[in-house]
$ cat coords_10.pdb   # PDB, C-alpha atoms
ATOM      1  CA  ARG J  27      81.063 113.359  78.125
ATOM      2  CA  LEU J  28      78.005 115.121  79.465
ATOM      3  CA  ALA J  29      76.184 114.931  82.800
ATOM      4  CA  GLY J  30      72.691 116.314  83.051
ATOM      5  CA  ILE J  31      70.400 117.523  85.813
ATOM      6  CA  TRP J  32      66.814 116.479  85.199
ATOM      7  CA  SER J  33      63.499 117.728  86.551
ATOM      8  CA  VAL J  34      61.637 114.748  87.987
ATOM      9  CA  ALA J  35      58.310 116.595  87.807
ATOM     10  CA  ARG J  36      58.684 117.688  84.171
ATOM     11  CA  GLY J  37      60.938 114.926  82.854
ATOM     12  CA  VAL J  38      63.255 117.360  81.109
ATOM     13  CA  ARG J  39      66.945 118.135  81.439
ATOM     14  CA  THR J  40      67.407 121.501  83.126
ATOM     15  CA  LYS J  41      71.205 121.729  83.380
ATOM     16  CA  HIS J  42      74.159 120.507  81.316
ATOM     17  CA  LEU J  43      77.544 119.759  82.865
ATOM     18  CA  SER J  44      79.876 119.561  79.896
ATOM     19  CA  GLY J  45      83.666 119.317  79.915
ATOM     20  CA  HIS J  46      84.804 115.724  80.327
ATOM     21  CA  ARG J  47      86.815 114.255  77.444
ATOM     22  CA  GLY J  48      85.640 110.688  78.061
ATOM     23  CA  LYS J  49      82.522 108.827  79.145
ATOM     24  CA  VAL J  50      80.978 110.019  82.407
ATOM     25  CA  LEU J  51      80.694 107.059  84.784
ATOM     26  CA  SER J  52      79.129 108.559  87.906
ATOM     27  CA  ALA J  53      77.572 111.755  89.275
ATOM     28  CA  ARG J  54      76.728 112.673  92.874
ATOM     29  CA  TYR J  55      75.302 115.728  94.640
ATOM     30  CA  SER J  56      76.916 117.504  97.569
ATOM     31  CA  PRO J  57      74.893 117.330 100.820
ATOM     32  CA  ASP J  58      73.609 120.888 100.373
ATOM     33  CA  GLY J  59      72.687 120.296  96.730
ATOM     34  CA  LEU J  60      74.714 123.259  95.485
ATOM     35  CA  LEU J  61      77.517 121.203  93.928
ATOM     36  CA  ALA J  62      77.893 117.971  91.999
ATOM     37  CA  VAL J  63      80.898 115.746  91.390
ATOM     38  CA  THR J  64      81.303 113.674  88.227
ATOM     39  CA  VAL J  65      83.905 111.104  87.198
ATOM     40  CA  SER J  66      85.036 109.985  83.794
ATOM     41  CA  GLU J  67      87.184 107.684  81.726
ATOM     42  CA  ASP J  68      89.317 110.768  80.995
ATOM     43  CA  GLY J  69      91.065 110.379  84.379
ATOM     44  CA  THR J  70      89.392 113.268  86.140
ATOM     45  CA  ALA J  71      86.772 113.969  88.749
ATOM     46  CA  ARG J  72      85.137 117.358  88.333
ATOM     47  CA  VAL J  73      83.300 119.462  90.893
ATOM     48  CA  TRP J  74      80.527 121.619  89.437
ATOM     49  CA  ALA J  75      78.639 124.655  90.724
ATOM     50  CA  LEU J  76      75.096 123.823  89.726
ATOM     51  CA  ALA J  77      73.816 127.399  89.658
ATOM     52  CA  SER J  78      76.311 128.387  86.963
ATOM     53  CA  GLU J  79      76.842 124.915  85.443
ATOM     54  CA  LYS J  80      80.587 125.646  85.613
ATOM     55  CA  CYS J  81      83.401 123.289  86.614
ATOM     56  CA  VAL J  82      85.014 124.802  89.714
ATOM     57  CA  ARG J  83      87.540 122.044  90.489
ATOM     58  CA  THR J  84      89.286 119.389  88.397
ATOM     59  CA  LEU J  85      90.765 116.490  90.362
ATOM     60  CA  GLN J  86      93.404 114.841  88.179
ATOM     61  CA  HIS J  87      94.129 111.091  88.330
ATOM     62  CA  GLU J  88      96.411 108.702  86.453
ATOM     63  CA  ASP J  89      93.672 106.388  85.133
ATOM     64  CA  VAL J  90      89.925 105.943  84.810
ATOM     65  CA  VAL J  91      88.051 107.268  87.845
ATOM     66  CA  ARG J  92      85.330 104.845  88.922
ATOM     67  CA  SER J  93      83.456 106.867  91.513
ATOM     68  CA  ALA J  94      83.414 110.029  93.608
ATOM     69  CA  VAL J  95      81.326 111.074  96.572
ATOM     70  CA  PHE J  96      81.162 114.038  98.938
ATOM     71  CA  SER J  97      81.759 113.575 102.650
ATOM     72  CA  PRO J  98      78.678 113.918 104.898
ATOM     73  CA  ASP J  99      79.659 117.519 105.753
ATOM     74  CA  GLY J 100      80.445 118.377 102.127
ATOM     75  CA  THR J 101      84.031 119.508 102.768
ATOM     76  CA  LEU J 102      85.762 116.497 101.189
ATOM     77  CA  VAL J 103      85.527 114.447  98.018
ATOM     78  CA  LEU J 104      86.485 110.764  97.971
ATOM     79  CA  THR J 105      87.495 109.173  94.653
ATOM     80  CA  ALA J 106      88.162 105.593  93.543
ATOM     81  CA  CYS J 107      90.519 105.093  90.610
ATOM     82  CA  MET J 108      91.691 102.258  88.390
ATOM     83  CA  ASP J 109      95.313 103.243  89.136
ATOM     84  CA  GLY J 110      94.961 101.454  92.483
ATOM     85  CA  GLY J 111      94.305 104.537  94.569
ATOM     86  CA  ALA J 112      91.506 105.990  96.641
ATOM     87  CA  ARG J 113      92.029 109.671  97.318
ATOM     88  CA  LEU J 114      90.627 112.190  99.749
ATOM     89  CA  TRP J 115      90.368 115.717  98.341
ATOM     90  CA  ASP J 116      89.621 119.123  99.791
ATOM     91  CA  ALA J 117      86.400 120.006  97.961
ATOM     92  CA  LYS J 118      87.042 123.753  98.129
ATOM     93  CA  ARG J 119      90.744 123.880  97.232
ATOM     94  CA  GLY J 120      90.982 120.769  95.042
ATOM     95  CA  THR J 121      94.069 119.500  96.878
ATOM     96  CA  CYS J 122      94.681 115.847  97.700
ATOM     97  CA  LYS J 123      94.791 115.385 101.479
ATOM     98  CA  LYS J 124      95.256 111.602 101.678
ATOM     99  CA  ALA J 125      95.807 108.692  99.300
ATOM    100  CA  TRP J 126      95.331 104.979  99.943
ATOM    101  CA  GLN J 127      96.465 102.120  97.744
ATOM    102  CA  HIS J 128      95.410  98.527  97.151
ATOM    103  CA  LEU J 129      98.162  96.173  96.029
ATOM    104  CA  ASN J 130      98.031  92.762  94.382
ATOM    105  CA  GLY J 131     101.553  91.499  94.977
ATOM    106  CA  ASP J 132     103.853  94.012  93.314
ATOM    107  CA  ALA J 133     101.064  95.367  91.116
ATOM    108  CA  VAL J 134      98.335  97.832  91.992
ATOM    109  CA  ALA J 135      94.755  96.603  92.295
ATOM    110  CA  ALA J 136      92.156  98.826  90.673
ATOM    111  CA  VAL J 137      89.921 100.465  93.261
ATOM    112  CA  MET J 138      86.333  99.873  92.211
ATOM    113  CA  SER J 139      84.486 101.583  95.050
ATOM    114  CA  ALA J 140      85.083 104.032  97.899
ATOM    115  CA  SER J 141      82.513 105.276 100.407
ATOM    116  CA  PHE J 142      82.325 107.275 103.634
ATOM    117  CA  SER J 143      80.898 106.088 106.925
ATOM    118  CA  PRO J 144      77.810 108.069 108.034
ATOM    119  CA  ASP J 145      79.861 110.309 110.347
ATOM    120  CA  GLY J 146      82.690 110.742 107.822
ATOM    121  CA  SER J 147      85.359 109.364 110.173
ATOM    122  CA  LEU J 148      86.002 106.228 108.116
ATOM    123  CA  VAL J 149      86.316 105.257 104.467
ATOM    124  CA  VAL J 150      85.733 101.802 102.993
ATOM    125  CA  THR J 151      87.450 100.804  99.738
ATOM    126  CA  ALA J 152      87.013  97.752  97.532
ATOM    127  CA  ALA J 153      89.344  96.619  94.779
ATOM    128  CA  SER J 154      89.755  94.211  91.892
ATOM    129  CA  GLY J 155      92.574  91.723  92.323
ATOM    130  CA  ASP J 156      93.809  91.951  95.913
ATOM    131  CA  GLY J 157      90.840  90.197  97.520
ATOM    132  CA  ALA J 158      90.410  92.689 100.338
ATOM    133  CA  VAL J 159      87.993  95.330 101.481
ATOM    134  CA  ARG J 160      89.745  97.913 103.632
ATOM    135  CA  ILE J 161      88.518 100.471 106.157
ATOM    136  CA  TRP J 162      90.640 103.588 106.652
ATOM    137  CA  SER J 163      90.630 106.397 109.176
ATOM    138  CA  THR J 164      90.076 109.780 107.510
ATOM    139  CA  ASP J 165      91.926 111.408 110.418
ATOM    140  CA  SER J 166      95.106 109.325 110.727
ATOM    141  CA  GLY J 167      95.008 107.742 107.276
ATOM    142  CA  SER J 168      95.743 104.304 108.724
ATOM    143  CA  CYS J 169      93.997 101.055 107.774
ATOM    144  CA  VAL J 170      91.892 100.042 110.767
ATOM    145  CA  ARG J 171      90.271  96.894 109.339
ATOM    146  CA  ALA J 172      90.553  94.552 106.355
ATOM    147  CA  PHE J 173      88.077  91.926 105.205
ATOM    148  CA  GLU J 174      89.327  89.069 103.041
ATOM    149  CA  ASN J 175      86.925  88.634 100.191
ATOM    150  CA  SER J 176      86.813  87.279  96.637
ATOM    151  CA  PRO J 177      89.519  88.437  94.189
ATOM    152  CA  THR J 178      87.236  91.147  92.828
ATOM    153  CA  VAL J 179      84.880  93.272  94.926
ATOM    154  CA  TRP J 180      82.661  95.585  92.935
ATOM    155  CA  THR J 181      81.280  97.717  95.731
ATOM    156  CA  ALA J 182      81.389  98.234  99.500
ATOM    157  CA  VAL J 183      79.127 100.527 101.537
ATOM    158  CA  PHE J 184      78.493 101.261 105.200
ATOM    159  CA  SER J 185      75.188 100.666 106.929
ATOM    160  CA  SER J 186      73.292 103.747 108.137
ATOM    161  CA  ASP J 187      74.583 103.233 111.692
ATOM    162  CA  GLY J 188      78.172 102.646 110.546
ATOM    163  CA  ALA J 189      78.357  99.310 112.387
ATOM    164  CA  SER J 190      78.511  97.078 109.309
ATOM    165  CA  VAL J 191      79.704  97.026 105.704
ATOM    166  CA  LEU J 192      77.911  95.413 102.775
ATOM    167  CA  THR J 193      79.964  94.099  99.843
ATOM    168  CA  ALA J 194      79.077  92.814  96.382
ATOM    169  CA  SER J 195      81.711  90.566  94.814
ATOM    170  CA  MET J 196      82.440  88.634  91.657
ATOM    171  CA  GLY J 197      80.346  85.500  91.492
ATOM    172  CA  ALA J 198      77.133  87.230  92.608
ATOM    173  CA  VAL J 199      78.021  87.046  96.303
ATOM    174  CA  VAL J 200      76.854  89.687  98.782
ATOM    175  CA  LYS J 201      78.306  89.727 102.303
ATOM    176  CA  LEU J 202      77.558  91.687 105.461
ATOM    177  CA  TRP J 203      80.576  92.402 107.678
ATOM    178  CA  SER J 204      81.007  93.655 111.228
ATOM    179  CA  VAL J 205      83.174  96.775 111.325
ATOM    180  CA  SER J 206      84.229  96.193 114.943
ATOM    181  CA  SER J 207      85.243  92.526 114.630
ATOM    182  CA  GLY J 208      85.918  92.158 110.916
ATOM    183  CA  GLU J 209      83.818  88.987 110.838
ATOM    184  CA  CYS J 210      81.377  88.067 108.075
ATOM    185  CA  MET J 211      77.913  88.058 109.665
ATOM    186  CA  GLN J 212      75.907  86.951 106.647
ATOM    187  CA  THR J 213      76.401  85.717 103.091
ATOM    188  CA  LEU J 214      73.756  86.099 100.420
ATOM    189  CA  ALA J 215      74.136  84.109  97.202
ATOM    190  CA  GLY J 216      72.667  85.954  94.264
ATOM    191  CA  GLU J 217      70.092  84.373  91.980
ATOM    192  CA  CYS J 218      71.711  85.899  88.912
ATOM    193  CA  GLU J 219      74.916  85.744  86.906
ATOM    194  CA  GLU J 220      76.542  88.763  88.549
ATOM    195  CA  ILE J 221      75.815  91.446  91.157
ATOM    196  CA  TRP J 222      77.546  94.750  90.496
ATOM    197  CA  ALA J 223      76.194  96.802  93.393
ATOM    198  CA  ALA J 224      74.365  96.394  96.699
ATOM    199  CA  ALA J 225      72.867  98.737  99.271
ATOM    200  CA  LEU J 226      71.329  98.594 102.734
ATOM    201  CA  ALA J 227      67.969 100.130 103.599
ATOM    202  CA  PRO J 228      68.156 102.780 106.357
ATOM    203  CA  SER J 229      66.798 100.257 108.869
ATOM    204  CA  ALA J 230      69.699  97.912 107.913
ATOM    205  CA  GLY J 231      67.216  95.044 107.904
ATOM    206  CA  ARG J 232      67.217  94.582 104.140
TER
END
$ encode --input "coords_10.pdb" --output "structure tokens"
Amino acid sequence: RLAGIWSVARGVRTKHLSGHRGKVLSARYSPDGLLAVTVSEDGTARVWALASEKCVRTLQHEDVVRSAVFSPDGTLVLTACMDGGARLWDAKRGTCKKAWQHLNGDAVAAVMSASFSPDGSLVVTAASGDGAVRIWSTDSGSCVRAFENSPTVWTAVFSSDGASVLTASMGAVVKLWSVSSGECMQTLAGECEEIWAAALAPSAGR
């Protein structure tokens, strides 16, 4: 129910962000470092002013919120929710600008991950149940690409140049996809029981 800001040099907590009514699952800074966004099992994402440690925006959802991240320019917040939706919010006003949904037949598929491309023009979402990773335009709201994957994808992130997407799926499988063609360029089989997250180094070589 609490998120903390810690001093790396001193190893102590310097700020307390308190207000969620359920477990806090994720916390991310805004690009300028003045704000933070947290998500919780209580069905909210909260935007905090770090100087005052006050919640300045509450973004209400219908289910557990898995993740939230600021856009590269800090004007938007992207959330992923277990209700099957990824939502794009105005960070200043707290209004929902766009909403995207994953479906598994007639049922919604819980969105496990949502991330911006480096220039903020695209969003990639990954879900549990529908077997697809989808790329959306933040401008038009349309789906511009879909990758067929395993039934459950835990995370999907863009490379630093925005040309590829890395996914981590159930069964400890990591795949690298081409954004332009939608083709799988490489598959990496994990040497462990499960892989919950994956990331690309800035050089995109590892």
$ closest_residue --input "coords_10.pdb" --among "J:Val34, J:Ala75, J:Ala106, J:Leu192" --to "Ser93 in chain J" --atoms "all atoms listed in the file"
J:Ala106
$ atom_distance --input "coords_10.pdb" --atom1 "CA of Trp115 in chain J" --atom2 "CA of Gly167 in chain J"
12.8 Å
$ atom_distance --input "coords_10.pdb" --atom1 "CA of Val137 in chain J" --atom2 "CA of Ala153 in chain J"
4.2 Å
$ resolve_selection --input "coords_10.pdb" --expression "the PyMOL selection byres ((chain J and resi 205-219) around 12)" --output "PyMOL selection string"
chain J and resi 143+148-150+158-162+170-175+183-185+187-204+220-224+231-232
$ resolve_selection --input "coords_10.pdb" --expression "the PyMOL selection byres ((chain J and resi 155) around 7)" --output "PyMOL selection string"
chain J and resi 130+135+153-154+156-157+177-178
$ atom_distance --input "coords_10.pdb" --atom1 "CA of Thr84 in chain J" --atom2 "CA of Thr70 in chain J"
6.5 Å
$ resolve_selection --input "coords_10.pdb" --expression "the PyMOL selection byres ((chain J and resi 41) around 9)" --output "ChimeraX atom specification"
/J:29-32,39-40,42-43,76-77,79
$ closest_residue --input "coords_10.pdb" --among "J:Gly110, J:Gly59, J:Gly120, J:Gly37" --to "Gln86 in chain J" --atoms "only C-alpha atoms"
J:Gly120
$ residues_around --input "coords_10.pdb" --residues "Val90 in chain J" --least-positions-apart "4" --cutoff "10 Å" --atoms "all atoms listed in the file" --output "list in words"
Gly48, Lys49, Leu51, Val65, Ser66, Glu67, Asp68, Gly69, Thr70, Ala71, Ala106, Cys107, Met108, Asp109 and Ala136 of chain J
$ residues_near_point --input "coords_10.pdb" --point "(80.7, 114.6, 87.2)" --cutoff "7 Å" --atoms "only C-alpha atoms" --output "PyMOL selection string"
chain J and resi 29+50+52-53+62-65+71-73
$ decode --input "coords_10.pdb" --residues "range 122-158 of chain J" --atoms "N, CA and C atoms" --output "JSON list (two decimals), in the first residue's frame"
[["chain", "number", "residue", "atom", "x", "y", "z"],
["J", 122, "CYS", "N", -9.07, 9.97, -19.60],
["J", 122, "CYS", "CA", -8.70, 8.88, -20.50],
["J", 122, "CYS", "C", -8.89, 9.35, -21.94],
["J", 123, "LYS", "N", -7.82, 9.30, -22.71],
["J", 123, "LYS", "CA", -7.85, 9.77, -24.10],
["J", 123, "LYS", "C", -8.14, 8.63, -25.08],
["J", 124, "LYS", "N", -7.60, 7.44, -24.79],
["J", 124, "LYS", "CA", -7.82, 6.28, -25.66],
["J", 124, "LYS", "C", -7.84, 5.02, -24.81],
["J", 125, "ALA", "N", -8.56, 4.01, -25.30],
["J", 125, "ALA", "CA", -8.60, 2.71, -24.62],
["J", 125, "ALA", "C", -8.54, 1.61, -25.67],
["J", 126, "TRP", "N", -7.71, 0.62, -25.41],
["J", 126, "TRP", "CA", -7.57, -0.53, -26.31],
["J", 126, "TRP", "C", -7.88, -1.80, -25.54],
["J", 127, "GLN", "N", -8.44, -2.78, -26.25],
["J", 127, "GLN", "CA", -8.87, -4.00, -25.57],
["J", 127, "GLN", "C", -8.35, -5.24, -26.28],
["J", 128, "HIS", "N", -7.93, -6.22, -25.46],
["J", 128, "HIS", "CA", -7.59, -7.55, -25.95],
["J", 128, "HIS", "C", -8.77, -8.47, -25.65],
["J", 129, "LEU", "N", -9.14, -9.28, -26.62],
["J", 129, "LEU", "CA", -10.25, -10.21, -26.44],
["J", 129, "LEU", "C", -9.78, -11.64, -26.67],
["J", 130, "ASN", "N", -10.36, -12.55, -25.88],
["J", 130, "ASN", "CA", -10.13, -13.97, -26.05],
["J", 130, "ASN", "C", -11.50, -14.60, -26.32],
["J", 131, "GLY", "N", -11.89, -14.64, -27.59],
["J", 131, "GLY", "CA", -13.24, -15.03, -27.94],
["J", 131, "GLY", "C", -14.20, -13.93, -27.52],
["J", 132, "ASP", "N", -15.19, -14.30, -26.72],
["J", 132, "ASP", "CA", -16.14, -13.31, -26.20],
["J", 132, "ASP", "C", -15.70, -12.70, -24.88],
["J", 133, "ALA", "N", -14.61, -13.22, -24.33],
["J", 133, "ALA", "CA", -14.14, -12.74, -23.03],
["J", 133, "ALA", "C", -12.94, -11.81, -23.22],
["J", 134, "VAL", "N", -12.73, -10.95, -22.23],
["J", 134, "VAL", "CA", -11.57, -10.07, -22.28],
["J", 134, "VAL", "C", -10.33, -10.85, -21.85],
["J", 135, "ALA", "N", -9.19, -10.44, -22.38],
["J", 135, "ALA", "CA", -7.91, -11.04, -22.02],
["J", 135, "ALA", "C", -7.13, -10.01, -21.20],
["J", 136, "ALA", "N", -6.72, -10.39, -20.02],
["J", 136, "ALA", "CA", -6.04, -9.46, -19.12],
["J", 136, "ALA", "C", -4.78, -8.92, -19.77],
["J", 137, "VAL", "N", -4.64, -7.60, -19.77],
["J", 137, "VAL", "CA", -3.45, -6.97, -20.33],
["J", 137, "VAL", "C", -2.36, -6.99, -19.26],
["J", 138, "MET", "N", -1.25, -7.64, -19.59],
["J", 138, "MET", "CA", -0.18, -7.82, -18.63],
["J", 138, "MET", "C", 0.90, -6.75, -18.73],
["J", 139, "SER", "N", 1.00, -6.13, -19.91],
["J", 139, "SER", "CA", 2.09, -5.18, -20.14],
["J", 139, "SER", "C", 1.69, -4.18, -21.20],
["J", 140, "ALA", "N", 2.15, -2.94, -21.06],
["J", 140, "ALA", "CA", 1.93, -1.90, -22.06],
["J", 140, "ALA", "C", 3.10, -0.93, -22.01],
["J", 141, "SER", "N", 3.68, -0.65, -23.18],
["J", 141, "SER", "CA", 4.87, 0.20, -23.24],
["J", 141, "SER", "C", 4.83, 1.12, -24.46],
["J", 142, "PHE", "N", 5.47, 2.26, -24.34],
["J", 142, "PHE", "CA", 5.60, 3.20, -25.45],
["J", 142, "PHE", "C", 6.81, 2.87, -26.32],
["J", 143, "SER", "N", 6.72, 3.25, -27.59],
["J", 143, "SER", "CA", 7.90, 3.27, -28.45],
["J", 143, "SER", "C", 8.76, 4.46, -28.03],
["J", 144, "PRO", "N", 10.04, 4.49, -28.42],
["J", 144, "PRO", "CA", 10.92, 5.59, -27.98],
["J", 144, "PRO", "C", 10.43, 6.98, -28.34],
["J", 145, "ASP", "N", 9.74, 7.12, -29.48],
["J", 145, "ASP", "CA", 9.25, 8.45, -29.87],
["J", 145, "ASP", "C", 7.83, 8.71, -29.40],
["J", 146, "GLY", "N", 7.21, 7.74, -28.73],
["J", 146, "GLY", "CA", 5.86, 7.91, -28.19],
["J", 146, "GLY", "C", 4.75, 7.78, -29.20],
["J", 147, "SER", "N", 5.05, 7.46, -30.45],
["J", 147, "SER", "CA", 4.01, 7.38, -31.48],
["J", 147, "SER", "C", 3.27, 6.06, -31.48],
["J", 148, "LEU", "N", 3.86, 5.04, -30.86],
["J", 148, "LEU", "CA", 3.25, 3.71, -30.83],
["J", 148, "LEU", "C", 3.21, 3.17, -29.40],
["J", 149, "VAL", "N", 2.30, 2.23, -29.20],
["J", 149, "VAL", "CA", 2.18, 1.51, -27.93],
["J", 149, "VAL", "C", 2.15, 0.03, -28.24],
["J", 150, "VAL", "N", 2.85, -0.77, -27.45],
["J", 150, "VAL", "CA", 2.78, -2.22, -27.59],
["J", 150, "VAL", "C", 2.13, -2.80, -26.34],
["J", 151, "THR", "N", 1.16, -3.70, -26.54],
["J", 151, "THR", "CA", 0.45, -4.34, -25.43],
["J", 151, "THR", "C", 0.58, -5.84, -25.54],
["J", 152, "ALA", "N", 0.62, -6.50, -24.39],
["J", 152, "ALA", "CA", 0.69, -7.96, -24.33],
["J", 152, "ALA", "C", -0.36, -8.44, -23.34],
["J", 153, "ALA", "N", -0.98, -9.58, -23.65],
["J", 153, "ALA", "CA", -2.10, -10.03, -22.83],
["J", 153, "ALA", "C", -2.01, -11.51, -22.52],
["J", 154, "SER", "N", -2.80, -11.91, -21.53],
["J", 154, "SER", "CA", -2.92, -13.31, -21.12],
["J", 154, "SER", "C", -4.20, -13.88, -21.70],
["J", 155, "GLY", "N", -4.07, -14.85, -22.60],
["J", 155, "GLY", "CA", -5.25, -15.55, -23.08],
["J", 155, "GLY", "C", -5.53, -15.41, -24.56],
["J", 156, "ASP", "N", -5.23, -14.26, -25.18],
["J", 156, "ASP", "CA", -5.60, -14.10, -26.59],
["J", 156, "ASP", "C", -4.46, -14.44, -27.54],
["J", 157, "GLY", "N", -3.26, -14.67, -27.00],
["J", 157, "GLY", "CA", -2.16, -15.12, -27.84],
["J", 157, "GLY", "C", -1.58, -14.09, -28.77],
["J", 158, "ALA", "N", -1.83, -12.82, -28.53],
["J", 158, "ALA", "CA", -1.35, -11.79, -29.45],
["J", 158, "ALA", "C", -0.65, -10.66, -28.70]]
